[in-house]
Amino acid sequence: MPHHGVLTMKESKKIKLDEHIVEFVCDAGEGAQKAAVSFAKVSAKMGNSLWTVEIIPSEIQPPPHTMGSTSGNRIRLSSKTVTNGGNLTNVVVAFNEMNLLSRIKGKMLADDVVVIIDNKWANDPDETIRKQYREILDELKAKGADIYEVPIEEKTMTLIDNPQRGKNMVALGMLGYLYTRDMDILADEIRSIFKKKSKEIQDNNVALLTLGYELAKETINFQYVIESTPFKVPMVAMNGNEAVALGAVAAGFEHCSMYPITPATSATHALSEYFGRMGGIVHQAEDEIAAIGVALGSYYAGRTTLTITSGPGMALKTEFLGLTVMTETPLVVVNVQRGGPSTGLPTKIEQGDLLSSLFSTPGDAPKVIMAPTDIEECYHVMITARKIAEEFRMLVIVLTDANLATGTQLYPRPKLSTESFPPPMDMSPIPVGTKPYDWDEETGLSRRIIPGQPGGMCRTTSLNHSPEGKVNHDPDMNQKAHRMRSRKLMTLQKSLKKPEVYGDKEGDLLVVSWGSLKGPIDEAVDNLRKEGKKVGAISLQFLSPFPPGLKEIFSKYKKVMVVELNYSDDWDDPMVNEDTRRYSQLSMLLRSHTLVDVDCFTRVYGRPLMPMEIYDALSKRLAQK
Amino acid sequence: MPHHGVLTMKESKKIKLDEHIVEFVCDAGEGAQKAAVSFAKVSAKMGNSLWTVEIIPSEIQPPPHTMGSTSGNRIRLSSKTVTNGGNLTNVVVAFNEMNLLSRIKGKMLADDVVVIIDNKWANDPDETIRKQYREILDELKAKGADIYEVPIEEKTMTLIDNPQRGKNMVALGMLGYLYTRDMDILADEIRSIFKKKSKEIQDNNVALLTLGYELAKETINFQYVIESTPFKVPMVAMNGNEAVALGAVAAGFEHCSMYPITPATSATHALSEYFGRMGGIVHQAEDEIAAIGVALGSYYAGRTTLTITSGPGMALKTEFLGLTVMTETPLVVVNVQRGGPSTGLPTKIEQGDLLSSLFSTPGDAPKVIMAPTDIEECYHVMITARKIAEEFRMLVIVLTDANLATGTQLYPRPKLSTESFPPPMDMSPIPVGTKPYDWDEETGLSRRIIPGQPGGMCRTTSLNHSPEGKVNHDPDMNQKAHRMRSRKLMTLQKSLKKPEVYGDKEGDLLVVSWGSLKGPIDEAVDNLRKEGKKVGAISLQFLSPFPPGLKEIFSKYKKVMVVELNYSDDWDDPMVNEDTRRYSQLSMLLRSHTLVDVDCFTRVYGRPLMPMEIYDALSKRLAQK
Amino acid sequence: MEALQLEEYIEEQCELKTYTLEDYEGDVPRWCKGCGDFGILSSVQKLLRDDQVAPESVVAVSGIGCSSRFPHYLNTYGFHGIHGRAMTIATGVKLGRPDLKVLVTMGDGDCFSIGGGHWLHSMRYNTDLTVIVMDNEIYALTKNQVSPTTHCGTSTNTTPHGAVLKEMNVLSVMLGITNTSFLAQTASWTPGHLDKTIKAAWNHKGTSFVRVLQKCPIFSPQAFGQDGKVKAPFTFLRDENGIPVDKVFEKMAPVIDHNCKDLDAAKKIAMMEETSSPLGLLYHNPSIPTYEESLHATADKITPEEKVVRLNEELDKYTI
Amino acid sequence: MEALQLEEYIEEQCELKTYTLEDYEGDVPRWCKGCGDFGILSSVQKLLRDDQVAPESVVAVSGIGCSSRFPHYLNTYGFHGIHGRAMTIATGVKLGRPDLKVLVTMGDGDCFSIGGGHWLHSMRYNTDLTVIVMDNEIYALTKNQVSPTTHCGTSTNTTPHGAVLKEMNVLSVMLGITNTSFLAQTASWTPGHLDKTIKAAWNHKGTSFVRVLQKCPIFSPQAFGQDGKVKAPFTFLRDENGIPVDKVFEKMAPVIDHNCKDLDAAKKIAMMEETSSPLGLLYHNPSIPTYEESLHATADKITPEEKVVRLNEELDKYTI
Ligand SMILES: Cc1ncc(C[n+]2csc(CCOP(=O)(O)OP(=O)(O)O)c2C)c(N)n1
Ligand SMILES: Cc1ncc(C[n+]2csc(CCOP(=O)(O)OP(=O)(O)O)c2C)c(N)n1
Ligand code: SF4
Ligand code: SF4
Ligand SMILES: [Mg+2]
Ligand SMILES: [Mg+2]
């Protein structure tokens, strides 16, 4: 990506940019995360939009100075709204060459990446290290990188004894210089981080920051300027799991029954904190089966309850999901998707649980499936999910993913009111003769009776049952009960809006997606349209039921294609043909639903697709006959 | 169904028939099952083909003389091969009017049904009983039934004191007369049932039999004759669960790890018996999760092992199914499908687990799914399933159903040889450097290493892994591993045959099905073709992967329609339209696979569809534009 | 249907109302003749009648099995769940609604086999539940398979040559679990003792666990005898803090003294199970806190308006 | 690749071969510095070396957790399964292949929480397995959530205001389970004791269960101390049939006498856990039959030809 403008100034060139991606990586425990978060915060305060992604090793404290030990943050800064992590990295700050290597192997760095690396390894006593350091840098340079080898640790030790406790601040200072950050705001931010520590510690850290600033100034002869327009409304920054948790409280959830599993757990950590202050219970159950069992029992008894999990946990909940549908108990299950199958890639993103969420339960179990497309929606979806669950007496599964969970986004601070809470628990007496499944023949809806309501005594059973809630083996009643449960989905469907098309409303290619790929797809579509291509995109917030009008929308385009993060066979694989190709999950559903030849481009890289990768795939598809 | 020929004989009219359906029902414990089985056996010996279905109450010993207490058998007798339970019942023998009523309410009886009922209730001291007895019979008569009220119990008591212990034999004798059974063979059969009892008991029972024969002769002035051609090959009669169990032993299975669940359990009862004589272990685990865990561990360790279950049990196995796929451990799981969702209709048939078998596991988990269409195939499928599981290192799910499980069919006695057994466990040393997932890039296949093989030490993990079996988080490796697992399915697909079309190879309508609906569908197709309609049918033995050439076959017909036993919305339901209709399971898959507008007709009645119901649905579809 | 106002309702329905046994009768039970479950049902119904418990304030939760049909036959709120998971649903009901009384009924397979993990942990949670296991030492509904409490050597459909494992001593398991607060054993054929045991359990705050030795004349007559005869040997526990042993029982079986507050003694008594089942209160510790108390549920205690205030404070922390 | 014949292989690879520690080394362990799991791994490796166990004859099975990475680091056959289910897979391996030695490694969450039901039943099966639970009293891999053995009051990410439940005494649970045949406790910071305990477990026929108190300096320093210091009080068990207590230990902690054949005594010792963890062999009963023996597996004993004959006899019964 070319620089958008170059200004020569007195001390250094100022390079004006619309946006940039910077990474800060180190060994676990060296503090890159902390420094990067401060950098992001200050950037946001200055008026940049951003999307940050944590880089986390898969063990707690892996052997240092290895590829697997890399920990840190990846920050996309922009003068415009950001909805995803973007393309290749433009700047990387690394404390050692193995951290750098892990990013090279992950194919995350732009060819012309600017690298700032601690040069201490150049003179390491261990020859292997010296050699690999040199080789890695040489290779990068050959591809076009702009490399700054800086004595970060050495300089740090001019101020403090243990460089592990301060070099992150030095590096932060360097970034402050490079991105022309307001150093006063940065210093304030650092002081506030250490606000519980002594004045001396605060001063020391600010001194390290300044040291880094000066070091960069000496070493690098340019600075980046990313225009920042101050936000007109108050903005919040949080990750998707925090958004889910806050959204849940705003939706009126009072109980959460869970079992720890990456990458879902941190949402329940947040809930444990919030409930501590706002009333409510987090119950860590003995396993995921018990977690949903308790949630179901609690919601059955009238308490607004949710459960949060990820792939393997969803698998264990399968039988209870069926019970929820059969008994028409409202329930919200959040599935923070990770890489599968089985334990798979526990910390990585995949959109692999669409079909399993829809179809895991034996028999017919209609349910609602929703997927937020960004972190802001993670908050708001919880309110809608709760309402649907209760109004329709249905199971609502909310599908987020590992990247939403750990990414941070800025979005307008939500307005709170008591309206998003459910009404007080209904304890009114039940008229004699009221049936627990008094299905409205047209809508399938029926009034929910809550234990404790006088006169409402009735049985709830996992067996097929009559409107009276009695066990029933009658052929027609089984058919009817199935019909009523299915009918509710139609009733909901009638209230959904036709999805809005982003980009061209008709043309050569429509891209269909769901969840967090919306952002990068929209960017790819923007770029294609700039080239004059007629391309549109839709993103489905409801996966079950589908919104109305899809076939009609599809008919306006020559080609339709799904882009999502789960596995599908590629056309150019040997042995793939019309008979054998396994389509991706959403494309499979849409093909059946519309009978349109919906193609797909998907990858299971354990990371989101970049706008440019999507751009390439769409271009290729457009070029095909 | 009109009688096919009427001959007047000296004592009674002889009515010649191609086939007939007779039911024998009573309260649980009154012995209809036993008598009916003898009747069926003798009919088979005389050369009739047959299909029998057990009628089982859903409690162990429900209150007697109620609709829910009905227990018995339904036997379809024919001079030609029978593949299913057929249409409405032609003759019913009932010990009380509530048993009869349950069959009326179940809509199982033909309007012109011949009813033989114990007349003792006509004079019951309880007026309610007298009244309901009369009403039920009057109603039947009004519709056209031919009713014989017979003093069965009274007559029984002329020979023995406790009629509960003998009236089933009297009824059997009546049936013997009605169907002109060879009374010597029948008497022999009775003696052999009581062969462990005294000569006196045997004689008594034969006397009861004769009594029944004479009673019928006095009462009924006609007899049925169903032509019987003696079988040219030895035939066996068993139910589908016994066939699965025997097939499993013939396939070389040595271990079965299970947890009881209706209607699957009796297959494991049979295996417990067989293994007792043939070597092998049935392990009843603490739950279904442990059951598959033990099976997987055992197969991983080289022992040929299976697990057998039904809906709710499948749900619990979900996580382990994913592990099986991820580790490429061979495994065969038999799912005897029952009515869902949740506990649903535990004793009743449904074909509701196709999508859940395919898609229950989070992430992408390619597996093989096979479905036998009749009881004979229940036997043979086990051998194929075992071979595929081992050759492809894959999970094979075999879907049978409650009707196959409890129905009895006659089929040619399988020929046994050691060839259907797996080769002896491979304990040869493993060459240095052999990888546990040494995927062939084209086929996805790799050599399985078995613990104990010297030099083969390697790790098997649920995490994503490299060919060396090491934990791997690399984007490309995750993509590759997914591709290799998917590739195996294609490799298998290439070896499958194009399905054979039954009936017209091109024309107006193609019916697609799977599992035990093949029989009734083929009969419906026969009848339509007799009327000159151009109709064909295919039945899929492989549901994953689909066999080749489906789209091509579909293209030869104006309309394509799936008939199966799971839920779908009907076109004539209010609110159903192109946007909202939920298709049945196979039709959903086929629509996506072929992009052909595959329609569906399905019911969840908890019983099979009758040929005539399918005939009606197909006729209706043919008549539509 | 017109909804009545609460006051009107109370006036119409409840005033001066005394509950009779009929008020607790649900569907007509469909168990076999002679099934021990009948007695347990009527014991619970009598208890509710005696205590004049409002039917709407009780939730009966069960799993799947013959025994788990229980809630259908009791006219309270009832949840007939899935196999092995009754304890989880019941825990949810109680955590969600501490104001309700929760009764859990399970079979031996349901509780001790597939439900084993939940059983273990629920005892530890000590949520205020009354738990009744109807232990017929067999899988009845699925027709005669071995259960954890089936005696070694018993031939069943899955152990045609005899069960190979020694039966599980569920009493000794429970007495090993931290926080077990109430453990009693009784039998379906000792109705007076059954009634008193269930009543004591009902009145205990915490998880009160009652194992009822339950006759299944169909599938486990070998265990408890057929036609009214009881084969299994048993012994009554006499304890002033325990379940009173009526005179009539003294003739039926030996009676020994036991102190239900003494955990070590209870463990010894539990080991008797292997020769002569102890009937009575094995262990009782009313001072173990219940889970719902410990969780300090404050959910109901702040107003929606106050919640909005606090939620806004929370949002402040995320605001740039 | 050319397959070698077994004889050749034996000649080339095995003859005169002595296994060294290196032969048991798999991937380089990726646990944190100071993690107690290292010691457990090397203890197992030493045992295999000392006993000269052929690496191909061992299968190490685990669940998911820090501890469950164990099989990757041991050069035997290894199965790194799914969370909580290690016992089931291991039981399958052993039932399928009684000739293999099976080692099971789990974390406390893995075994006692999600794996609770399998734990309970596996103890009862008494399959010949060596089971090691690395109990750091916390969910480590998922970063600091409460586990059943987390001490009451401990603040974790899911109990920010302190764990509300009393920690589960897993020793007393196991001693309540019918057929428990070997139960020992040791600690990751007492290497000599650890080695001997694991060796004793390895040599026991039946399910030998070893709970290792395992230091996790990252998440549970409060339980076992940081930087080499050990906070938790413990007591050694001296028993001529148990684990020898070295002189050096006598200085570390109190030593008391115990008879590991005495179940009642073991139950009393188990209750000590609540104040001072007993280290040593709590209970040992070598006479309980193993599950695989009881099942009388005859699978290997008839020839394929004989099987065809018997299968034909079976088919005869169904033949019309
Ligand atoms: C997940 C699941 N597995 C298995 C079953 C089948 N099943 C129903 S009841 C039952 C056991 C019955 O035994 P028990 O719990 O002792 O109750 P009882 O019938 O003896 O009262 C089983 C295995 C089921 N319904 N669900
Ligand atoms: C079904 C399922 N649920 C949850 C998880 C997430 N998970 C992985 S390890 C673990 C617990 C780790 O604690 P422990 O078993 O004590 O092992 P440790 O890491 O402390 O050694 C959990 C909950 C999972 N992988 N699978
Ligand atoms: S089978 Fe046994 S437990 Fe079930 S209802 Fe009959 S007697 Fe009771
Ligand atoms: S987090 Fe704890 S248990 Fe896990 S590897 Fe680190 S020290 Fe060991
Ligand atoms: Mg039972
Ligand atoms: Mg742990």
# chains A, B, ... in the order shown; residues from 1 in each chain; ligands from 1

call {"tool": "closest_atom_pairs", "arguments": {"of": "chain A", "to": "ligand 1", "cutoff": "12 Å", "atoms": "only C-alpha atoms and all ligand atoms", "output": "JSON lines"}}
result
{"residue": "A:Ile289", "atom": "CA", "partner": "ligand 1", "partner_atom_place_in_ligand_line": "1 (C)", "distance": 11.6}
{"residue": "A:Leu316", "atom": "CA", "partner": "ligand 1", "partner_atom_place_in_ligand_line": "1 (C)", "distance": 11.8}
{"residue": "A:Lys317", "atom": "CA", "partner": "ligand 1", "partner_atom_place_in_ligand_line": "1 (C)", "distance": 11.9}
{"residue": "A:Thr318", "atom": "CA", "partner": "ligand 1", "partner_atom_place_in_ligand_line": "1 (C)", "distance": 10.7}
{"residue": "A:Glu319", "atom": "CA", "partner": "ligand 1", "partner_atom_place_in_ligand_line": "1 (C)", "distance": 7.6}
{"residue": "A:Phe320", "atom": "CA", "partner": "ligand 1", "partner_atom_place_in_ligand_line": "1 (C)", "distance": 10.0}
{"residue": "A:Gly322", "atom": "CA", "partner": "ligand 1", "partner_atom_place_in_ligand_line": "1 (C)", "distance": 11.4}
{"residue": "A:Leu323", "atom": "CA", "partner": "ligand 1", "partner_atom_place_in_ligand_line": "1 (C)", "distance": 11.2}
{"residue": "A:Pro362", "atom": "CA", "partner": "ligand 1", "partner_atom_place_in_ligand_line": "1 (C)", "distance": 11.6}
{"residue": "A:Ser462", "atom": "CA", "partner": "ligand 1", "partner_atom_place_in_ligand_line": "25 (N)", "distance": 9.6}
{"residue": "A:Leu463", "atom": "CA", "partner": "ligand 1", "partner_atom_place_in_ligand_line": "25 (N)", "distance": 9.8}

call {"tool": "write_last_selection", "arguments": {"atoms": "N, CA, C and O atoms", "output": "tab-separated table (two decimals), in the first residue's frame"}}
result
chain	number	residue	atom	x	y	z
A	289	ILE	N	-22.58	-29.70	30.34
A	289	ILE	CA	-23.93	-30.28	30.38
A	289	ILE	C	-24.67	-29.67	31.56
A	289	ILE	O	-25.79	-29.17	31.44
A	316	LEU	N	-21.15	-30.68	23.93
A	316	LEU	CA	-21.67	-31.34	25.12
A	316	LEU	C	-23.09	-30.90	25.45
A	316	LEU	O	-23.83	-31.61	26.11
A	317	LYS	N	-23.46	-29.73	25.00
A	317	LYS	CA	-24.80	-29.23	25.30
A	317	LYS	C	-25.87	-29.78	24.37
A	317	LYS	O	-27.06	-29.49	24.54
A	318	THR	N	-25.45	-30.54	23.38
A	318	THR	CA	-26.37	-30.96	22.32
A	318	THR	C	-27.69	-31.51	22.85
A	318	THR	O	-28.76	-31.11	22.41
A	319	GLU	N	-27.62	-32.45	23.79
A	319	GLU	CA	-28.87	-33.07	24.23
A	319	GLU	C	-29.78	-32.04	24.89
A	319	GLU	O	-31.00	-32.04	24.68
A	320	PHE	N	-29.20	-31.16	25.68
A	320	PHE	CA	-30.01	-30.14	26.36
A	320	PHE	C	-30.60	-29.11	25.39
A	320	PHE	O	-31.67	-28.54	25.65
A	322	GLY	N	-31.79	-29.82	22.56
A	322	GLY	CA	-33.02	-30.47	22.12
A	322	GLY	C	-34.13	-30.36	23.15
A	322	GLY	O	-35.29	-30.12	22.82
A	323	LEU	N	-33.76	-30.52	24.42
A	323	LEU	CA	-34.76	-30.40	25.48
A	323	LEU	C	-35.33	-28.98	25.54
A	323	LEU	O	-36.53	-28.79	25.74
A	362	PRO	N	-30.58	-34.40	17.45
A	362	PRO	CA	-31.37	-35.40	16.73
A	362	PRO	C	-32.83	-34.96	16.65
A	362	PRO	O	-33.34	-34.32	17.57
A	462	SER	N	-39.91	-33.86	28.26
A	462	SER	CA	-39.07	-34.06	27.08
A	462	SER	C	-39.70	-35.01	26.08
A	462	SER	O	-39.21	-35.16	24.97
A	463	LEU	N	-40.77	-35.68	26.50
A	463	LEU	CA	-41.49	-36.55	25.58
A	463	LEU	C	-42.45	-35.71	24.73
A	463	LEU	O	-42.77	-34.58	25.08

call {"tool": "residues_around", "arguments": {"residues": "Lys143 in chain C", "least_positions_apart": "4", "cutoff": "12 Å", "atoms": "only C-alpha atoms", "output": "mmCIF file with C-alpha atoms, in the first residue's frame"}}
result
data_model
loop_
_atom_site.group_PDB
_atom_site.id
_atom_site.type_symbol
_atom_site.label_atom_id
_atom_site.label_comp_id
_atom_site.auth_asym_id
_atom_site.auth_seq_id
_atom_site.Cartn_x
_atom_site.Cartn_y
_atom_site.Cartn_z
ATOM 1 C CA SER B 58 -44.678 -47.435 26.197
ATOM 2 C CA GLU B 59 -44.754 -48.487 29.838
ATOM 3 C CA ILE B 60 -43.581 -51.801 31.175
ATOM 4 C CA GLN B 61 -46.942 -52.925 32.495
ATOM 5 C CA PRO B 260 -28.920 -48.856 27.144
ATOM 6 C CA ILE B 261 -31.401 -46.883 25.104
ATOM 7 C CA THR B 262 -34.586 -47.831 23.322
ATOM 8 C CA PRO B 263 -34.851 -48.967 20.541
ATOM 9 C CA ALA B 264 -31.150 -49.782 20.212
ATOM 10 C CA THR B 265 -30.579 -51.828 23.339
ATOM 11 C CA SER B 266 -31.826 -55.162 22.089
ATOM 12 C CA HIS B 269 -28.518 -57.790 24.269
ATOM 13 C CA GLY C 65 -36.975 -43.902 33.735
ATOM 14 C CA CYS C 66 -40.017 -45.556 35.286
ATOM 15 C CA ILE C 138 -31.995 -52.287 37.716
ATOM 16 C CA TYR C 139 -32.733 -50.355 34.544
ATOM 17 C CA SER C 147 -27.217 -50.732 37.053
ATOM 18 C CA THR C 156 -29.544 -59.092 33.217
ATOM 19 C CA ASN C 157 -29.948 -58.509 29.521
ATOM 20 C CA THR C 158 -26.531 -56.923 29.227
ATOM 21 C CA CYS C 216 -39.705 -53.699 40.994
ATOM 22 C CA ILE C 218 -40.997 -57.129 37.078
ATOM 23 C CA PHE C 219 -37.241 -56.910 36.753
ATOM 24 C CA SER C 220 -35.625 -57.155 40.131
#

call {"tool": "residues_around", "arguments": {"residues": "Thr304 in chain B", "least_positions_apart": "6", "cutoff": "8 Å", "atoms": "only C-alpha atoms", "output": "ChimeraX atom specification"}}
result
/B:252-255,298

call {"tool": "write_last_selection", "arguments": {"atoms": "N, CA, C and O atoms", "output": "compact mmCIF listing (two decimals), in the first residue's frame"}}
result
# COMPACT_ATOMS: atom_id res chain seq x y z
N GLY B 252 -16.45 -59.12 12.19
CA GLY B 252 -15.24 -59.25 12.99
C GLY B 252 -15.20 -58.34 14.20
O GLY B 252 -14.15 -58.23 14.85
N PHE B 253 -16.29 -57.69 14.50
CA PHE B 253 -16.29 -56.88 15.72
C PHE B 253 -16.11 -57.77 16.94
O PHE B 253 -16.74 -58.83 17.03
N GLU B 254 -15.28 -57.34 17.85
CA GLU B 254 -15.00 -58.14 19.04
C GLU B 254 -15.44 -57.45 20.32
O GLU B 254 -15.58 -58.09 21.35
N HIS B 255 -15.58 -56.14 20.23
CA HIS B 255 -16.02 -55.40 21.42
C HIS B 255 -17.20 -54.50 21.07
O HIS B 255 -17.26 -53.95 19.97
N SER B 298 -10.54 -48.35 22.42
CA SER B 298 -10.32 -49.74 22.07
C SER B 298 -9.95 -49.87 20.59
O SER B 298 -9.03 -50.62 20.23

call {"tool": "closest_atom_pairs", "arguments": {"of": "chain C", "to": "chain A", "cutoff": "8 Å", "atoms": "only C-alpha atoms", "output": "Markdown table"}}
result
| residue | atom | partner | partner_atom | distance |
| --- | --- | --- | --- | --- |
| C:Met1 | CA | A:Pro431 | CA | 7.1 |
| C:Glu2 | CA | A:Pro431 | CA | 7.1 |
| C:Ala3 | CA | A:Pro431 | CA | 6.0 |
| C:Leu4 | CA | A:Pro429 | CA | 6.7 |
| C:Gln5 | CA | A:Ser428 | CA | 7.1 |
| C:Leu6 | CA | A:Ser428 | CA | 5.9 |
| C:Tyr9 | CA | A:Pro429 | CA | 6.8 |
| C:Pro55 | CA | A:Met457 | CA | 7.1 |
| C:Glu56 | CA | A:Gly452 | CA | 4.8 |
| C:Ser57 | CA | A:Gly452 | CA | 5.0 |
| C:Val58 | CA | A:Gly452 | CA | 7.5 |
| C:Val59 | CA | A:Pro451 | CA | 7.0 |
| C:Pro71 | CA | A:Arg459 | CA | 7.0 |
| C:His72 | CA | A:Arg459 | CA | 6.2 |
| C:Asn75 | CA | A:Met457 | CA | 6.4 |
| C:Thr76 | CA | A:Met457 | CA | 5.1 |
| C:Tyr77 | CA | A:Met457 | CA | 4.6 |
| C:Gly78 | CA | A:Arg459 | CA | 4.6 |
| C:Phe79 | CA | A:Thr460 | CA | 4.8 |
| C:His80 | CA | A:Thr461 | CA | 4.6 |
| C:Gly81 | CA | A:Ser462 | CA | 5.6 |
| C:Ile82 | CA | A:Ser462 | CA | 6.6 |
| C:Arg85 | CA | A:Gly293 | CA | 7.0 |
| C:Thr88 | CA | A:Gly293 | CA | 5.0 |
| C:Ile89 | CA | A:Gly297 | CA | 4.3 |
| C:Ala90 | CA | A:Gly297 | CA | 6.2 |
| C:Thr91 | CA | A:Val294 | CA | 5.8 |
| C:Gly92 | CA | A:Val294 | CA | 3.8 |
| C:Val93 | CA | A:Ser298 | CA | 4.5 |
| C:Lys94 | CA | A:Ser298 | CA | 7.3 |
| C:Leu95 | CA | A:Ser298 | CA | 6.7 |
| C:Gly96 | CA | A:Ser298 | CA | 4.6 |
| C:Arg97 | CA | A:Ala301 | CA | 6.4 |
| C:Leu100 | CA | A:Gly452 | CA | 7.1 |
| C:Gly117 | CA | A:Glu286 | CA | 7.7 |
| C:His118 | CA | A:Ala290 | CA | 7.1 |
| C:His121 | CA | A:Glu286 | CA | 6.8 |
| C:Leu295 | CA | A:Ile281 | CA | 6.9 |
| C:Ala297 | CA | A:Gly280 | CA | 6.0 |
| C:Thr298 | CA | A:Gly279 | CA | 4.5 |
| C:Ala299 | CA | A:Gly279 | CA | 4.0 |
| C:Asp300 | CA | A:Gly279 | CA | 7.1 |
| C:Lys301 | CA | A:Gly279 | CA | 7.1 |
| C:Ile302 | CA | A:Gly279 | CA | 7.1 |
| C:Pro304 | CA | A:Thr418 | CA | 5.9 |
| C:Glu305 | CA | A:Thr418 | CA | 6.4 |
| C:Lys307 | CA | A:Met278 | CA | 6.1 |
| C:Val308 | CA | A:Ser417 | CA | 6.2 |
| C:Arg310 | CA | A:Met278 | CA | 6.7 |
| C:Leu311 | CA | A:Ala250 | CA | 7.4 |
| C:Asn312 | CA | A:Leu416 | CA | 7.2 |
| C:Glu314 | CA | A:Tyr274 | CA | 7.7 |
| C:Leu315 | CA | A:Val236 | CA | 7.5 |
| C:Tyr318 | CA | A:Val236 | CA | 5.1 |
| C:Thr319 | CA | A:Val236 | CA | 4.1 |
| C:Ile320 | CA | A:Val236 | CA | 5.6 |

call {"tool": "select_by_dssp", "arguments": {"residues": "range 48-254 of chain D", "states": "helix (DSSP H, G or I)", "output": "ChimeraX atom specification"}}
result
/D:48-51,55-57,67-73,86-96,108-114,116-125,170-176,191-203,221-224,247-252

call {"tool": "residues_near_ligand", "arguments": {"ligand": "ligand 5", "cutoff": "12 Å", "atoms": "only C-alpha atoms and all ligand atoms", "output": "number ranges by chain"}}
result
C: 35-37, 63-68, 83-84, 105-114, 133-150, 211-220, 223
